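K.L.:
Can you read through this structure? Questions will come right after.
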Protein chains: 2
Amino acid sequence: MNHPAAVPTASRENVLEGLADIVGARHVLSDPNDTEPFYEDWLHRTKGDALCVCQPADTAEVAAVVAFCAARGLPVFPQAGNTSSCGGSVPLPASGGVLLSVRRLNRVERVDPQNNAIIAGAGCVLADLKAAAAAEGRLFPLTLSSEGSCQIGGNVSTNAGGTAVLRYGTMRDLVLGLEVVLADGRIWDGLRTLRKDNTGYDMKALFVGSEGTLGIVTRVALKLFPLPTLQATALVAVASADDAAALLRHCHGELGSSLDAFELLSASQLDIVCRHVPGNRNPLPGHPWYVLVDLQSAERSQDLTARLEAAIAGALEDGIVADAVVAQSGAQIEDIWRLRHSVSESNRRHGLNFTHDVGVPIAQIPEFLHRADAAVAEAFAQAEVFCVSHMGDGNVHYTVTFAHDTAEPAALGARVTGMVHDIAMSLGGTFGAEHGVGQRYRASLRRYKSPVELDLFRSMKSALDPNGILNPGKVL
Amino acid sequence: MNHPAAVPTASRENVLEGLADIVGARHVLSDPNDTEPFYEDWLHRTKGDALCVCQPADTAEVAAVVAFCAARGLPVFPQAGNTSSCGGSVPLPASGGVLLSVRRLNRVERVDPQNNAIIAGAGCVLADLKAAAAAEGRLFPLTLSSEGSCQIGGNVSTNAGGTAVLRYGTMRDLVLGLEVVLADGRIWDGLRTLRKDNTGYDMKALFVGSEGTLGIVTRVALKLFPLPTLQATALVAVASADDAAALLRHCHGELGSSLDAFELLSASQLDIVCRHVPGNRNPLPGHPWYVLVDLQSAERSQDLTARLEAAIAGALEDGIVADAVVAQSGAQIEDIWRLRHSVSESNRRHGLNFTHDVGVPIAQIPEFLHRADAAVAEAFAQAEVFCVSHMGDGNVHYTVTFAHDTAEPAALGARVTGMVHDIAMSLGGTFGAEHGVGQRYRASLRRYKSPVELDLFRSMKSALDPNGILNPGKVL
């Protein structure tokens, strides 16, 4: 890692003063009591340090802060909701840089139901944005367990996924336009709401998922959809991951484009959800695998619950489903979804976790699980394995857990992760399906990407941030 | 325009010999009788010239040809099906370069119904690719009037749109992975079939739509969908574009995600389709505007025709529809669709056309039409106007037509296009929604794009093609 050299104390005060001139003194935080929540990730795994936390009020102030830092060669660490799982949103240790929080750019500026578009600042909390859309009868579909705290600029910068990708795609698919502050402080106004635009290179697609290393997203224009008025949800028990794959194909055929979510959970995963997070109960104990199936529709005059029951009945007849409960009320829908959304919290409480975010071609999921389980069991007799998968997207969150007091966790984690990533890559997969690279998977990026692809990445970085001041130590 | 200097004749023979060594002498065409179809576009509007047409057999040969040209500073003009409407697929006049046709890379390599993916060479004809998918019960949704001759590499390079974008998105949304030969002849293997992958920058999204100016697409991995088994189609007469916009909102609410296409046609457009292309008849004469509405579904046990009839009946009651015919057979579906797919052919036959490909926010389409019609009528008393619109995408093909023998067509075209583009841009629109920039809209690119955006485009070009050998004179 190329850590930029720390700025000497003398100039540190100049930096704080200069930033205070731009954003106002009370929006420059340097007291450790104030800055600590910005410098550490929510998993308490990755911790960094910066000269200060700078909180601009709007795009012009973001641009001025970046220009100020660029003129001095100061690294800028952009941060939105700080919910990254791979250290993407915290500064490096002893970074000598400035943490630029977009949290004050938190306004929903416009909801346009006629054009199915919404414009918001990068610091808008995802749940607030969804609520603003819903108030106009529209859906913004991105669905994450962290949606009460994650912010839309971070969702864009990491190309966030979640449980509704199967139907609506990832964040890149949902972005109509962006406003981005570039590495030299200029502002790119790409904040358009057009459904199609083929005039030149698709810069927004490049900024999405670049984790703040190519530019700082300040405002976003996003697609909206009709707000579903109907929902049907089931928890389905299956005998194997192969049966789950067969059920996915069955559901695609029977339920088509109403299928919103198809989430696979191992029994071990469901067990610790019920153990660690209050209010959870497994209604179908005693099976090895479970699938959460969710349908939604904005169309009138459909009986979604009946359609879901019929599809599951067919799967029961075909022998690919062992048992199932279909929610008969909104409260029961919430009960089933709570199981899924408690996964992150339960895993964090359970032990020393090494969570992975691999992806494989959908049909390869059972083979991935088979190989990974065998390899982990052979190498680590004391490990537990939990699995939750956005199965319809080929994305598996495969968690290997040890006791909290296990020795040399860093070395152990590197071994576990190397093993899991090797297996995913050998199946034509990816080591990072939706969480991004951040700090945590940089080694895997260097290991698995071809020299040509790494060169392409470096040429993008050189073209857009030639002095390397934007979020250094992330991705590349 | 920076036309590269023509290569002297002496070295021309060396070039032909060198290329023949790579691809075989019979795949290097230089006789004008052989090369003419490659050097002129299908509209007979844009014509260029090159040293030869070089037709490599596979990726390795494409890479060798590009490396050969790069070493000599020779421009390379990549071409797939040569169906560009804006001069993107033909070389510049006196280009002194090599036309690289990908037409021999025409194999469908793999159809994977389990993972809903297909892999094919860049020279594969779109209709052939769709047929290969259909043989495995899968849909590749891109739908273009030119699908019998356009090739998938061109569809990717121009981010093609067409009539199914409303449901399935443009080509960029349909690409899972790409293999690309870079400007120095290296090969980037990004040919993955994963649904999600957040490991580094999204290079494929940048190559899609870059019109061969950043790299040459050689193989593509694309998304497939369940093959629809049901289809329902209607031709609906409406009193105004405003009513058509109201009908679109009505259909979104009533028909939701089954809605495949929503195509607006002016009466003048439908008239010349019926006049110039045999086999067409307007079943609802006497109205100013028409909408083609199409539903498709892969789900069992739906009566799509009944749903479409019910939706239209509701719109009739609400007074937003004047009259309608709903197809009652496959032959009637074909009759309605033939009207739409005959537009390009009829316009080409009718007169001296200036067609446009503007986009505006969907709700602004009536206002765009109102302003454009008024401006054209005032400026050009002798002009006719035809309009066909992918209304659900905000994309309007607005054609202004004059008699074949009109004087000074180039100057006239520039005036018409400036007027139409100004109006679209003033409504927050784009001058090129789906056809791209090519040669034809370079002036508009320079006129309407901000200096910052133009700089971003140039930095991409410099990063990926520093010597400017790939498709010079296009886009930038």
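Following the order of the structure tokens, first chain is A, next is B, and so on, with residues numbered from 1 inside each chain and ligands from 1 in the order they appear.
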As a ChimeraX atom specification, could you give me every residue of chain B near chain A (at most 7 Å apart, counting only C-alpha atoms)?

P.N.:
/B:114-115,188,193-202,205-206,209-210,253-257,298-300,359-363,393-394,429-430,432-437,445,452-453,457,459-460,463,475

K.L.:
Give me, as a VMD selection string, all polymer residues having an atom no more than 12 Å from segment 307-320 of chain B, counting only C-alpha atoms and skipping those fewer than 4 positions away in the same chain.

P.N.:
(chain A and resid 299 to 302) or (chain B and resid 230 to 256 258 to 259 289 to 297 302 to 303 324 to 328)

K.L.:
Hey, can you check how far atom CA of Leu129 of chain A sits from atom CA of Asp41 of chain A?

P.N.:
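So the answer is 23.0 Å.
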
K.L.:
If you run DSSP on the backbone here, which positions in segment 234-328 of chain B get strand (DSSP E or B)? Please write them as an MDAnalysis selection string.

P.N.:
chainID B and resid 234:238 259:266 289:297 323:326

K.L.:
Among the residues of segment 309-455 of chain B, find those DSSP assigns to helix (DSSP H, G or I) from the backbone and print them as a PyMOL selection string.

P.N.:
chain B and resi 309-317+330-341+343-350+362-379+391-393+409-426+442-448+451-455

K.L.:
Give me, as a list in words, all polymer residues having an atom no more than 7 Å from Val220 of chain A, counting only C-alpha atoms and skipping those fewer than 2 positions away in the same chain.

P.N.:
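Those residues are Ile119, Ala120, Gly121, Ala122, Gly177, Leu178, Glu179, Leu191, Thr218 and Leu222 of chain A.
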
K.L.:
Would you mind listing what lies within 10 Å of segment 333-345 of chain B as a PyMOL selection string, with only C-alpha atoms counted and same-chain residues fewer than 3 positions away left out?

P.N.:
chain B and resi 43+143-146+163+231-235+263-265+269-274+276-283+291-294+325-330+348-350+355+386-388

K.L.:
Can you work out the spacing between atom CA of Gly73 of chain B and atom CA of Ile469 of chain B in Å, to one decimal?

P.N.:
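Pair atom CA of Gly73 of chain B / atom CA of Ile469 of chain B returns 6.7 Å.
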